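Just start16.csv here, CSV, C-alpha atoms:
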```
chain,number,residue,atom,x,y,z
A,1,MET,CA,-114.8,152.2,9.4
A,2,LYS,CA,-114.4,151.5,5.7
A,3,LYS,CA,-115.0,148.1,4.0
A,4,VAL,CA,-112.4,147.1,1.5
A,5,GLN,CA,-111.2,143.9,-0.3
A,6,LEU,CA,-107.6,143.0,0.5
A,7,THR,CA,-105.3,140.1,0.6
A,8,GLY,CA,-103.5,139.3,3.8
A,9,ALA,CA,-100.3,140.7,2.4
A,10,HIS,CA,-102.0,143.9,1.3
A,11,ALA,CA,-103.8,144.1,4.6
A,12,ALA,CA,-100.5,144.2,6.5
A,13,ALA,CA,-99.2,146.8,4.0
A,14,GLU,CA,-102.3,148.9,4.6
A,15,ALA,CA,-101.7,148.8,8.3
A,16,MET,CA,-98.1,149.8,7.8
A,17,LYS,CA,-99.2,152.7,5.6
A,18,GLN,CA,-101.6,154.0,8.2
A,19,ILE,CA,-98.9,153.8,10.9
A,20,ASN,CA,-96.5,155.6,8.5
A,21,PRO,CA,-93.2,154.3,10.0
A,22,ASP,CA,-90.0,156.3,9.8
A,23,VAL,CA,-87.9,153.6,8.2
A,24,VAL,CA,-88.7,150.4,6.3
A,25,PRO,CA,-85.8,148.3,5.0
A,26,VAL,CA,-87.0,146.0,2.2
A,27,TYR,CA,-85.9,142.8,0.5
A,28,PRO,CA,-88.5,140.8,-1.4
A,29,ILE,CA,-89.0,137.1,-0.9
A,30,THR,CA,-92.0,134.9,-1.9
A,31,PRO,CA,-94.7,135.0,-0.5
A,32,GLN,CA,-93.9,138.2,1.4
A,33,THR,CA,-93.2,140.1,-1.9
A,34,PRO,CA,-96.7,141.5,-2.5
A,35,MET,CA,-96.7,143.1,0.9
A,36,MET,CA,-93.5,145.1,0.3
A,37,GLU,CA,-94.5,145.8,-3.3
A,38,LYS,CA,-97.7,147.4,-2.0
A,39,PHE,CA,-95.8,149.4,0.6
A,40,CYS,CA,-93.3,150.6,-2.1
A,41,TYR,CA,-96.3,151.7,-4.2
A,42,PHE,CA,-97.6,153.8,-1.2
A,43,LYS,CA,-94.2,155.4,-1.0
A,44,ALA,CA,-94.1,156.1,-4.7
A,45,GLU,CA,-97.5,157.7,-4.6
A,46,GLY,CA,-96.5,159.9,-1.7
A,47,GLN,CA,-98.9,158.3,0.7
A,48,VAL,CA,-96.2,157.7,3.4
A,49,GLY,CA,-93.2,159.7,4.5
A,50,THR,CA,-91.2,156.6,5.2
A,51,GLU,CA,-87.5,156.3,4.4
A,52,LEU,CA,-87.6,153.2,2.2
A,53,VAL,CA,-84.2,151.4,2.2
A,54,LEU,CA,-83.7,148.8,-0.6
A,55,VAL,CA,-81.0,146.4,0.5
A,56,GLU,CA,-79.2,143.4,-0.9
A,57,SER,CA,-80.3,140.7,1.5
A,58,GLU,CA,-82.4,139.9,4.5
A,59,HIS,CA,-79.4,140.0,6.8
A,60,SER,CA,-79.0,143.6,5.7
A,61,VAL,CA,-82.8,144.2,6.2
A,62,MET,CA,-82.5,143.5,9.9
A,63,SER,CA,-79.2,145.2,10.2
A,64,VAL,CA,-80.7,148.4,8.8
A,65,ALA,CA,-83.7,147.9,11.1
A,66,VAL,CA,-81.5,147.6,14.1
A,67,GLY,CA,-79.4,150.7,13.3
A,68,ALA,CA,-82.5,152.9,12.5
A,69,SER,CA,-84.3,151.8,15.6
A,70,ALA,CA,-81.3,152.4,17.8
A,71,ALA,CA,-81.2,155.9,16.3
A,72,GLY,CA,-84.7,156.5,17.4
A,73,ALA,CA,-86.8,155.7,14.3
A,74,ARG,CA,-90.1,153.8,14.2
A,75,VAL,CA,-89.1,150.8,12.1
A,76,MET,CA,-91.2,148.1,10.3
A,77,THR,CA,-90.3,145.4,7.8
A,78,ALA,CA,-91.3,142.0,6.6
A,79,SER,CA,-89.8,138.7,5.5
A,80,SER,CA,-90.3,134.9,5.0
A,81,SER,CA,-88.6,131.5,5.2
A,82,GLN,CA,-85.0,131.6,4.0
A,83,GLY,CA,-85.0,135.3,4.6
A,84,ILE,CA,-85.8,134.8,8.3
A,85,SER,CA,-83.1,132.2,8.4
A,86,LEU,CA,-80.5,134.6,6.9
A,87,MET,CA,-81.4,137.4,9.2
A,88,ASN,CA,-81.3,135.0,12.2
A,89,GLU,CA,-78.0,136.4,13.5
A,90,VAL,CA,-79.4,139.9,13.7
A,91,LEU,CA,-82.8,139.0,15.2
A,92,THR,CA,-81.1,138.3,18.5
A,93,VAL,CA,-79.4,141.7,18.3
A,94,ALA,CA,-82.8,143.4,17.8
A,95,SER,CA,-84.3,141.7,20.9
A,96,GLY,CA,-81.1,141.9,23.0
A,97,MET,CA,-80.9,145.7,22.3
A,98,ARG,CA,-84.6,146.0,23.2
A,99,LEU,CA,-85.6,147.6,19.9
A,100,PRO,CA,-89.3,147.9,19.2
A,101,ILE,CA,-89.2,146.7,15.6
A,102,LEU,CA,-92.4,145.3,14.0
A,103,MET,CA,-91.8,142.6,11.4
A,104,ASN,CA,-94.6,140.9,9.4
A,105,VAL,CA,-93.7,137.3,8.7
A,106,VAL,CA,-95.4,135.4,5.9
A,107,ASN,CA,-95.1,131.7,6.8
A,108,ARG,CA,-93.3,129.6,4.2
A,109,ALA,CA,-91.4,126.2,4.2
A,110,ILE,CA,-87.6,126.2,4.5
A,111,SER,CA,-85.1,124.4,2.3
A,112,ALA,CA,-84.1,121.8,1.5
A,113,PRO,CA,-85.9,120.7,-0.6
A,114,LEU,CA,-86.8,124.1,-2.0
A,115,ASN,CA,-90.5,124.9,-1.4
A,116,ILE,CA,-92.2,128.3,-1.6
A,117,HIS,CA,-95.5,127.2,0.0
A,118,CYS,CA,-96.9,127.4,3.5
A,119,ASP,CA,-95.7,125.9,6.7
A,120,GLN,CA,-94.5,127.4,10.0
A,121,CYS,CA,-91.1,125.8,10.5
A,122,SER,CA,-89.1,129.0,10.0
A,123,THR,CA,-91.4,130.9,12.4
A,124,MET,CA,-91.2,128.2,15.0
A,125,ASN,CA,-87.4,127.9,14.6
A,126,ILE,CA,-87.0,131.5,15.9
A,127,ARG,CA,-89.6,131.5,18.7
A,128,ASP,CA,-87.0,131.6,21.4
A,129,LEU,CA,-85.0,134.6,20.1
A,130,GLY,CA,-86.7,137.2,22.3
A,131,TRP,CA,-89.4,138.4,19.9
A,132,VAL,CA,-93.1,138.6,20.7
A,133,GLN,CA,-95.0,136.4,18.3
A,134,LEU,CA,-98.6,137.0,17.2
A,135,PHE,CA,-100.4,134.7,14.7
A,136,ALA,CA,-103.2,135.8,12.3
A,137,GLU,CA,-105.8,133.5,10.9
A,138,THR,CA,-107.3,135.9,8.3
A,139,PRO,CA,-106.4,139.1,6.4
A,140,GLN,CA,-108.5,141.0,8.9
A,141,GLU,CA,-106.4,139.7,11.7
A,142,ALA,CA,-103.2,140.4,9.8
A,143,TYR,CA,-104.3,144.1,9.6
A,144,ASP,CA,-105.5,144.3,13.2
A,145,LEU,CA,-102.6,142.5,14.8
A,146,THR,CA,-100.0,144.6,12.9
A,147,ILE,CA,-101.6,147.7,14.5
A,148,ILE,CA,-101.8,146.2,17.9
A,149,GLY,CA,-98.3,144.7,17.6
A,150,GLN,CA,-96.8,148.1,16.9
A,151,LYS,CA,-98.3,149.6,20.0
A,152,LEU,CA,-97.2,146.6,22.0
A,153,ALA,CA,-93.6,146.7,20.8
A,154,GLU,CA,-93.2,150.3,21.8
A,155,ALA,CA,-94.9,149.7,25.2
A,156,ILE,CA,-92.4,147.0,26.2
A,157,ASN,CA,-89.4,148.0,24.1
A,158,THR,CA,-89.3,144.6,22.5
A,159,PRO,CA,-89.6,143.6,18.9
A,160,VAL,CA,-92.8,141.9,17.6
A,161,MET,CA,-93.5,139.7,14.7
A,162,VAL,CA,-97.0,139.2,13.2
A,163,CYS,CA,-97.2,136.0,11.4
A,164,GLN,CA,-99.7,134.9,8.6
A,165,ASP,CA,-99.8,131.8,6.4
A,166,GLY,CA,-98.1,132.1,3.0
A,167,PHE,CA,-100.6,132.1,0.0
A,168,ILE,CA,-103.5,130.8,2.1
A,169,THR,CA,-103.8,134.1,3.9
A,170,SER,CA,-101.2,136.4,2.2
A,171,HIS,CA,-102.8,135.9,-1.2
A,172,CYS,CA,-106.4,135.3,-0.1
A,173,VAL,CA,-108.8,138.2,-0.8
A,174,GLU,CA,-111.4,139.0,1.9
A,175,ASN,CA,-113.6,141.8,2.9
A,176,LEU,CA,-112.0,143.9,5.6
A,177,ASP,CA,-113.1,146.6,7.9
A,178,ILE,CA,-110.3,149.1,8.2
A,179,LEU,CA,-110.0,152.0,10.5
A,180,GLU,CA,-109.7,155.6,9.4
A,181,GLU,CA,-106.1,156.4,9.1
A,182,GLN,CA,-106.1,159.2,11.7
A,183,LYS,CA,-107.7,156.8,14.2
A,184,THR,CA,-104.8,154.3,13.6
A,185,LYS,CA,-102.3,157.0,14.0
A,186,LYS,CA,-103.9,158.2,17.2
A,187,PHE,CA,-104.0,154.6,18.5
A,188,VAL,CA,-100.3,153.9,18.0
A,189,GLY,CA,-99.4,157.4,19.0
A,190,GLU,CA,-96.3,159.5,18.3
A,191,TYR,CA,-93.2,157.4,18.7
A,192,LYS,CA,-91.1,158.7,21.6
A,193,PRO,CA,-88.1,156.4,22.0
A,194,LYS,CA,-86.8,156.0,25.5
A,195,ASN,CA,-83.2,155.8,24.5
A,196,THR,CA,-81.5,156.6,21.3
A,197,LEU,CA,-78.0,156.9,19.9
A,198,LEU,CA,-78.7,160.4,18.7
A,199,ASP,CA,-79.5,161.7,22.2
A,200,THR,CA,-76.3,163.7,22.7
A,201,GLY,CA,-77.5,165.1,26.0
A,202,ASN,CA,-77.6,161.5,27.3
A,203,PRO,CA,-74.9,159.6,25.4
A,204,MET,CA,-74.9,155.8,25.6
A,205,THR,CA,-73.6,152.7,24.0
A,206,PHE,CA,-75.9,150.1,22.4
A,207,GLY,CA,-75.0,146.4,22.2
A,208,ALA,CA,-71.7,146.8,24.1
A,209,TRP,CA,-69.4,144.0,25.1
A,210,GLN,CA,-70.4,142.5,28.4
A,211,MET,CA,-68.5,140.2,30.7
A,212,PRO,CA,-70.0,137.4,32.9
A,213,ASN,CA,-70.6,139.9,35.7
A,214,ALA,CA,-73.2,141.8,33.7
A,215,TYR,CA,-74.4,139.6,30.8
A,216,MET,CA,-76.7,137.4,32.8
A,217,GLU,CA,-78.5,140.4,34.4
A,218,THR,CA,-79.1,141.9,31.0
A,219,LYS,CA,-80.7,138.7,29.8
A,220,ILE,CA,-82.9,138.5,32.9
A,221,GLU,CA,-84.1,142.0,32.2
A,222,GLN,CA,-84.8,141.1,28.6
A,223,GLU,CA,-86.8,138.1,29.7
A,224,LYS,CA,-88.8,140.3,32.1
A,225,ALA,CA,-89.5,142.7,29.3
A,226,LEU,CA,-90.8,140.0,27.0
A,227,SER,CA,-92.9,138.4,29.7
A,228,SER,CA,-94.4,141.8,30.4
A,229,ALA,CA,-96.3,141.4,27.1
A,230,LEU,CA,-98.7,139.2,29.0
A,231,ALA,CA,-99.8,142.3,30.9
A,232,GLU,CA,-99.4,144.9,28.1
A,233,TYR,CA,-101.0,142.9,25.2
A,234,PRO,CA,-104.5,142.8,26.8
A,235,LYS,CA,-104.3,146.6,27.3
A,236,ALA,CA,-103.5,147.3,23.7
A,237,ALA,CA,-106.1,144.7,22.5
A,238,LYS,CA,-108.8,146.2,24.7
A,239,GLU,CA,-108.1,149.7,23.5
A,240,PHE,CA,-108.2,148.5,19.9
A,241,ALA,CA,-111.5,146.7,20.5
A,242,LYS,CA,-113.0,150.1,21.5
A,243,LEU,CA,-112.1,151.4,18.1
A,244,SER,CA,-112.9,148.4,16.0
A,245,GLY,CA,-115.3,146.2,17.8
A,246,ARG,CA,-112.9,143.3,17.3
A,247,ASN,CA,-111.6,141.6,20.4
A,248,TYR,CA,-108.3,139.7,20.6
A,249,GLY,CA,-107.2,137.6,23.5
A,250,TYR,CA,-104.2,135.5,24.0
A,251,VAL,CA,-106.2,132.7,22.5
A,252,GLU,CA,-109.6,132.3,20.8
A,253,GLU,CA,-111.9,129.7,22.3
A,254,TYR,CA,-114.4,128.5,19.7
A,255,ARG,CA,-117.2,126.4,21.2
A,256,THR,CA,-115.0,124.9,23.9
A,257,ASN,CA,-117.2,125.5,27.0
A,258,ASP,CA,-118.7,122.0,27.0
A,259,ALA,CA,-116.4,120.4,24.4
A,260,GLU,CA,-115.2,116.8,25.0
A,261,ALA,CA,-112.8,116.9,22.1
A,262,VAL,CA,-110.7,120.0,21.3
A,263,ILE,CA,-108.3,120.8,18.5
A,264,VAL,CA,-105.5,123.3,19.2
A,265,THR,CA,-103.9,125.1,16.3
A,266,LEU,CA,-103.1,128.5,14.9
A,267,CYS,CA,-103.3,130.7,11.8
A,268,SER,CA,-105.3,129.6,8.7
A,269,ALA,CA,-106.0,126.0,9.8
A,270,ALA,CA,-108.2,127.4,12.5
A,271,GLY,CA,-110.7,128.5,9.9
A,272,THR,CA,-111.0,124.9,8.5
A,273,ALA,CA,-111.4,123.6,12.0
A,274,LYS,CA,-114.1,126.1,12.9
A,275,ALA,CA,-116.2,124.9,9.9
A,276,VAL,CA,-115.9,121.3,11.0
A,277,VAL,CA,-116.8,122.3,14.6
A,278,ASP,CA,-120.0,124.0,13.4
A,279,SER,CA,-120.9,121.0,11.2
A,280,MET,CA,-120.3,118.4,14.0
A,281,ARG,CA,-122.1,120.6,16.6
A,282,GLN,CA,-125.2,120.5,14.4
A,283,ASN,CA,-125.1,116.7,14.7
A,284,GLY,CA,-124.8,116.9,18.5
A,285,LYS,CA,-121.0,116.3,18.8
A,286,LYS,CA,-119.3,118.2,21.6
A,287,VAL,CA,-116.2,119.4,19.8
A,288,GLY,CA,-114.3,122.7,19.9
A,289,LEU,CA,-111.3,124.7,18.8
A,290,LEU,CA,-108.6,126.6,20.7
A,291,LYS,CA,-106.8,129.0,18.4
A,292,ILE,CA,-103.5,130.4,19.7
A,293,ILE,CA,-102.9,134.1,18.9
A,294,LEU,CA,-100.1,135.0,21.2
A,295,LEU,CA,-97.4,132.3,21.3
A,296,ARG,CA,-94.5,134.3,22.7
A,297,PRO,CA,-94.6,134.9,25.5
A,298,CYS,CA,-96.7,131.8,25.9
A,299,PRO,CA,-99.9,132.2,28.0
A,300,TYR,CA,-99.6,128.7,29.6
A,301,GLU,CA,-102.1,129.4,32.3
A,302,GLU,CA,-104.8,130.5,29.9
A,303,ILE,CA,-104.2,127.5,27.6
A,304,GLY,CA,-104.4,125.1,30.6
A,305,THR,CA,-107.6,126.7,31.8
A,306,CYS,CA,-109.2,126.4,28.4
A,307,LEU,CA,-108.4,122.7,28.0
A,308,GLU,CA,-108.6,121.2,31.4
A,309,LYS,CA,-112.3,120.3,31.1
A,310,ALA,CA,-111.9,118.5,27.8
A,311,LYS,CA,-111.6,114.7,27.6
A,312,ALA,CA,-109.2,114.6,24.6
A,313,VAL,CA,-107.1,117.2,22.8
A,314,CYS,CA,-105.2,117.0,19.6
A,315,VAL,CA,-102.6,119.7,18.7
A,316,LEU,CA,-102.3,120.3,15.0
A,317,ASP,CA,-98.8,121.6,14.1
A,318,ARG,CA,-97.9,123.0,10.7
A,319,ALA,CA,-94.2,122.6,11.7
A,320,ILE,CA,-91.9,119.7,12.6
A,321,SER,CA,-89.2,119.7,15.2
A,322,PHE,CA,-86.7,117.1,14.2
A,323,GLY,CA,-85.9,114.7,17.0
A,324,ALA,CA,-88.4,116.2,19.4
A,325,ASN,CA,-92.1,116.9,19.9
A,326,ALA,CA,-93.8,119.3,17.5
A,327,PRO,CA,-93.5,122.9,18.6
A,328,LEU,CA,-97.1,123.8,19.5
A,329,TYR,CA,-97.7,120.4,21.0
A,330,SER,CA,-94.7,121.0,23.3
A,331,GLU,CA,-96.2,124.3,24.4
A,332,THR,CA,-99.6,122.8,25.0
A,333,MET,CA,-98.1,119.9,27.0
A,334,GLN,CA,-96.3,122.4,29.3
A,335,ALA,CA,-99.5,124.3,29.8
A,336,LEU,CA,-101.3,121.1,31.0
A,337,TYR,CA,-98.4,119.9,33.1
A,338,GLY,CA,-99.2,120.1,36.8
A,339,LEU,CA,-103.0,120.3,36.4
A,340,SER,CA,-104.8,117.9,38.7
A,341,LYS,CA,-107.3,117.2,36.0
A,342,LYS,CA,-106.2,117.2,32.4
A,343,PRO,CA,-107.3,115.7,29.0
A,344,LYS,CA,-105.5,113.0,27.0
A,345,LEU,CA,-103.2,114.9,24.7
A,346,PHE,CA,-102.2,114.0,21.2
A,347,SER,CA,-100.1,115.5,18.4
A,348,SER,CA,-100.6,115.5,14.6
A,349,VAL,CA,-98.3,117.3,12.1
A,350,PHE,CA,-99.9,118.5,8.9
A,351,GLY,CA,-99.5,120.8,5.9
A,352,LEU,CA,-95.8,120.8,5.5
A,353,GLY,CA,-94.7,122.5,2.3
A,354,GLY,CA,-98.2,123.8,1.7
A,355,ARG,CA,-100.1,120.5,1.7
A,356,ASP,CA,-103.8,121.2,2.2
A,357,LEU,CA,-105.8,120.3,5.3
A,358,PHE,CA,-109.3,119.2,4.4
A,359,GLU,CA,-112.4,119.3,6.5
A,360,GLU,CA,-112.8,115.5,6.2
A,361,GLN,CA,-109.4,115.1,7.8
A,362,VAL,CA,-110.2,117.4,10.7
A,363,GLU,CA,-113.6,115.6,11.2
A,364,ASN,CA,-111.8,112.2,11.3
A,365,ILE,CA,-109.5,113.6,14.1
A,366,PHE,CA,-112.5,114.8,16.1
A,367,THR,CA,-114.4,111.5,15.6
A,368,GLY,CA,-111.3,109.5,16.7
A,369,LEU,CA,-110.9,111.7,19.8
A,370,LEU,CA,-114.5,111.2,20.8
A,371,ALA,CA,-114.1,107.4,20.4
A,372,GLY,CA,-110.9,107.4,22.5
A,373,LYS,CA,-108.6,106.7,19.5
A,374,LYS,CA,-105.1,108.2,18.9
A,375,PRO,CA,-104.9,110.4,15.8
A,376,LYS,CA,-102.3,109.8,13.1
A,377,GLU,CA,-98.9,111.3,13.9
A,378,TYR,CA,-98.8,112.8,10.4
A,379,ILE,CA,-101.7,113.9,8.3
A,380,GLN,CA,-100.7,113.1,4.7
```
Starting from the file, lay out its structure as structure tokens.
Amino acid sequence: MKKVQLTGAHAAAEAMKQINPDVVPVYPITPQTPMMEKFCYFKAEGQVGTELVLVESEHSVMSVAVGASAAGARVMTASSSQGISLMNEVLTVASGMRLPILMNVVNRAISAPLNIHCDQCSTMNIRDLGWVQLFAETPQEAYDLTIIGQKLAEAINTPVMVCQDGFITSHCVENLDILEEQKTKKFVGEYKPKNTLLDTGNPMTFGAWQMPNAYMETKIEQEKALSSALAEYPKAAKEFAKLSGRNYGYVEEYRTNDAEAVIVTLCSAAGTAKAVVDSMRQNGKKVGLLKIILLRPCPYEEIGTCLEKAKAVCVLDRAISFGANAPLYSETMQALYGLSKKPKLFSSVFGLGGRDLFEEQVENIFTGLLAGKKPKEYIQ
């Protein structure tokens, strides 16, 4: 392996370069832009053989991705925020047609008011559209999960998005261990699409009109395919671990074995929480962190098993769900439902529009949980 310094955005672009997809449709949007700029540089320098398609909007990005994937191409792309919202209509087409597209998502707040900084509202808004969702804490994870995600998408014929936090991760430079390019190519393998529009020996129609006597069966099969990621993801992650020495589960348990108070979160906030856990552990406080990596399909059983021994749990959401419980809190609550023994569960929303989360705030949450106090609903 080679050690390099990369941002989260450039780490994802490096993974894309090593995979060398057939088609990449591109439209820039902050804070995704450096990722696609870097990949365009790779194309200009002749380092990839990709057909780079520069389009006029994110709706067109996903439309090109759908068409190219249906024709049998290996397709990757990226977007953020309003771009995700604009392509929303076509995201369901990609998943409904069972197309193994890989999209890197850089988490950013959605309008209005206009804000280009990090939160996860746009990503959470689309969690039920039939895409696998993987969440990266660091640039290293953004690189690794992009490679794992590509293999997973093609194993289950279902699109995958790999999400990292805007600016905090996408523009943060860290030391990375990257694989030799040939090892990455061997890991993902040669793409052999199961069904394509260009297979004249086996002609078929994609995305056809369906009446009530067939539509429901199609959706049931789509759900089965997405849920099969719970079986296929560990296989891909285990194979990747043999190459890299880095292990990825559905979740990461950080000092939770004997923890009385646990915080649940995902992406970059996990790094802040880990630092607080280490500090408080030195002072004899039994605290821990549960970081979610795979959110869709949601590994409810594993989340429940990780948390059932704790006394109190606070879920930190970097997203708000208007008129309802915060997204990650809702998933955690479902994971605990039905357990004979379960902790007290609390919700705190933080970091909307890029507001920082400080170690002192996380420590206050842990201290309150240990004392049996309810955390603040909003960390401001």
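Among the candidates A:Ser279, A:Ser227, A:Thr196, A:Thr265, the residue lying nearest to Val315 in chain A is A:Thr265 (atoms considered: all atoms listed in the file).
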ask   = Can you tell me, as a PyMOL selection string, which residues sit within 9 Å of (-114.5, 149.6, 3.2) in the file's frame, using only C-alpha atoms?
value = chain A and resi 1-5+175-179
message = Please list as a ChimeraX atom specification every residue within 9 Å of range 100-105 of chain A, counting only C-alpha atoms and excluding residues in the same chain fewer than 3 positions away.
response = /A:12,32,65-66,69,74-81,84,94-95,108,123,142,146,149-150,152-166
Produce a file of the selected residues containing C-alpha atoms, as a compact mmCIF listing (two decimals), in the frame of the given file.
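Just written: again.txt:
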```txt
# COMPACT_ATOMS: atom_id res chain seq x y z
CA ALA A 12 -100.50 144.20 6.50
CA GLN A 32 -93.90 138.20 1.40
CA ALA A 65 -83.70 147.90 11.10
CA VAL A 66 -81.50 147.60 14.10
CA SER A 69 -84.30 151.80 15.60
CA ARG A 74 -90.10 153.80 14.20
CA VAL A 75 -89.10 150.80 12.10
CA MET A 76 -91.20 148.10 10.30
CA THR A 77 -90.30 145.40 7.80
CA ALA A 78 -91.30 142.00 6.60
CA SER A 79 -89.80 138.70 5.50
CA SER A 80 -90.30 134.90 5.00
CA SER A 81 -88.60 131.50 5.20
CA ILE A 84 -85.80 134.80 8.30
CA ALA A 94 -82.80 143.40 17.80
CA SER A 95 -84.30 141.70 20.90
CA ARG A 108 -93.30 129.60 4.20
CA THR A 123 -91.40 130.90 12.40
CA ALA A 142 -103.20 140.40 9.80
CA THR A 146 -100.00 144.60 12.90
CA GLY A 149 -98.30 144.70 17.60
CA GLN A 150 -96.80 148.10 16.90
CA LEU A 152 -97.20 146.60 22.00
CA ALA A 153 -93.60 146.70 20.80
CA GLU A 154 -93.20 150.30 21.80
CA ALA A 155 -94.90 149.70 25.20
CA ILE A 156 -92.40 147.00 26.20
CA ASN A 157 -89.40 148.00 24.10
CA THR A 158 -89.30 144.60 22.50
CA PRO A 159 -89.60 143.60 18.90
CA VAL A 160 -92.80 141.90 17.60
CA MET A 161 -93.50 139.70 14.70
CA VAL A 162 -97.00 139.20 13.20
CA CYS A 163 -97.20 136.00 11.40
CA GLN A 164 -99.70 134.90 8.60
CA ASP A 165 -99.80 131.80 6.40
CA GLY A 166 -98.10 132.10 3.00
```
request  = Please provide as a list in words all residues within 7 Å of Val90 in chain A, with the sequence filter that same-chain residues fewer than 5 positions apart are discarded (counting all atoms listed in the file).
outcome  = His59, Met62 and Ser63 of chain A
ask   = How many Å lie between CA of Phe366 in chain A and CA of Ala326 in chain A, rounded to one decimal?
value = 19.3 Å
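Note that the spacing between CA of Ala237 in chain A and CA of Ile148 in chain A amounts to 6.5 Å.
Within the 12 Å cut-off around range 110-116 of chain A, using only C-alpha atoms and omitting residues fewer than 4 positions from it on the same chain, the listed residues are Ile29, Thr30, Pro31, Gln32, Thr33, Ser80, Ser81, Gln82, Gly83, Ile84, Ser85, Leu86, Val106, Gln120, Cys121, Ser122, Thr123, Met124, Asn125, Asp165, Gly166, Phe167, Ala319, Ile320, Leu352, Gly353, Gly354 and Arg355 of chain A.
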request  = Rounded to one decimal place, report the CA of Gly304 in chain A-CA of Ala269 in chain A distance in Å.
outcome  = 20.9 Å
Contact residues around range 327-344 of chain A with only C-alpha atoms at 8 Å, ignoring same-chain residues under 6 positions, as a compact mmCIF listing (two decimals) with C-alpha atoms, keeping the file's coordinate frame:
```txt
# COMPACT_ATOMS: atom_id res chain seq x y z
CA MET A 124 -91.20 128.20 15.00
CA THR A 265 -103.90 125.10 16.30
CA CYS A 298 -96.70 131.80 25.90
CA TYR A 300 -99.60 128.70 29.60
CA GLU A 301 -102.10 129.40 32.30
CA ILE A 303 -104.20 127.50 27.60
CA GLY A 304 -104.40 125.10 30.60
CA LEU A 307 -108.40 122.70 28.00
CA GLU A 308 -108.60 121.20 31.40
CA LYS A 309 -112.30 120.30 31.10
CA ALA A 310 -111.90 118.50 27.80
CA LYS A 311 -111.60 114.70 27.60
CA ALA A 312 -109.20 114.60 24.60
CA VAL A 313 -107.10 117.20 22.80
CA VAL A 315 -102.60 119.70 18.70
CA LEU A 316 -102.30 120.30 15.00
CA ASP A 317 -98.80 121.60 14.10
CA ALA A 319 -94.20 122.60 11.70
CA ILE A 320 -91.90 119.70 12.60
CA SER A 321 -89.20 119.70 15.20
```
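The neighbours of Gln47 in chain A here are the residues that come within 12 Å of it, using all atoms listed in the file and leaving out any residue fewer than 5 positions away in the same chain; they are A:Ala13, A:Glu14, A:Met16, A:Lys17, A:Gln18, A:Ile19, A:Asn20, A:Pro21, A:Lys38, A:Phe39, A:Cys40, A:Tyr41, A:Phe42, A:Glu181.
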Repaired coordinates for range 343-355 of chain A (N, CA and C atoms) as a PDB file, in the coordinates of the input:
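Listed below is the output, out.pdb:
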```pdb
ATOM      1  N   PRO A 343    -106.794 116.581  30.100  1.00  0.00           N
ATOM      2  CA  PRO A 343    -107.300 115.700  29.000  1.00  0.00           C
ATOM      3  C   PRO A 343    -106.123 114.806  28.511  1.00  0.00           C
ATOM      4  N   LYS A 344    -106.499 113.771  27.777  1.00  0.00           N
ATOM      5  CA  LYS A 344    -105.500 113.000  27.000  1.00  0.00           C
ATOM      6  C   LYS A 344    -105.034 113.968  25.884  1.00  0.00           C
ATOM      7  N   LEU A 345    -103.732 113.993  25.671  1.00  0.00           N
ATOM      8  CA  LEU A 345    -103.200 114.900  24.700  1.00  0.00           C
ATOM      9  C   LEU A 345    -102.447 114.208  23.596  1.00  0.00           C
ATOM     10  N   PHE A 346    -102.753 114.612  22.346  1.00  0.00           N
ATOM     11  CA  PHE A 346    -102.200 114.000  21.200  1.00  0.00           C
ATOM     12  C   PHE A 346    -101.597 115.024  20.233  1.00  0.00           C
ATOM     13  N   SER A 347    -100.734 114.566  19.334  1.00  0.00           N
ATOM     14  CA  SER A 347    -100.100 115.500  18.400  1.00  0.00           C
ATOM     15  C   SER A 347    -100.241 114.946  16.965  1.00  0.00           C
ATOM     16  N   SER A 348    -100.542 115.856  16.047  1.00  0.00           N
ATOM     17  CA  SER A 348    -100.600 115.500  14.600  1.00  0.00           C
ATOM     18  C   SER A 348     -99.880 116.675  13.860  1.00  0.00           C
ATOM     19  N   VAL A 349     -98.977 116.305  12.982  1.00  0.00           N
ATOM     20  CA  VAL A 349     -98.300 117.300  12.100  1.00  0.00           C
ATOM     21  C   VAL A 349     -98.949 117.250  10.751  1.00  0.00           C
ATOM     22  N   PHE A 350     -99.225 118.414  10.198  1.00  0.00           N
ATOM     23  CA  PHE A 350     -99.900 118.500   8.900  1.00  0.00           C
ATOM     24  C   PHE A 350     -99.350 119.614   8.071  1.00  0.00           C
ATOM     25  N   GLY A 351     -99.695 119.614   6.800  1.00  0.00           N
ATOM     26  CA  GLY A 351     -99.500 120.800   5.900  1.00  0.00           C
ATOM     27  C   GLY A 351     -98.139 121.232   5.621  1.00  0.00           C
ATOM     28  N   LEU A 352     -97.125 120.383   5.831  1.00  0.00           N
ATOM     29  CA  LEU A 352     -95.800 120.800   5.500  1.00  0.00           C
ATOM     30  C   LEU A 352     -95.629 121.079   4.026  1.00  0.00           C
ATOM     31  N   GLY A 353     -94.917 122.148   3.690  1.00  0.00           N
ATOM     32  CA  GLY A 353     -94.700 122.500   2.300  1.00  0.00           C
ATOM     33  C   GLY A 353     -95.962 122.875   1.549  1.00  0.00           C
ATOM     34  N   GLY A 354     -96.988 123.291   2.296  1.00  0.00           N
ATOM     35  CA  GLY A 354     -98.200 123.800   1.700  1.00  0.00           C
ATOM     36  C   GLY A 354     -99.268 122.753   1.393  1.00  0.00           C
ATOM     37  N   ARG A 355     -99.082 121.511   1.882  1.00  0.00           N
ATOM     38  CA  ARG A 355    -100.100 120.500   1.700  1.00  0.00           C
ATOM     39  C   ARG A 355    -101.408 120.916   2.355  1.00  0.00           C
TER      40      ARG A 355
END
```
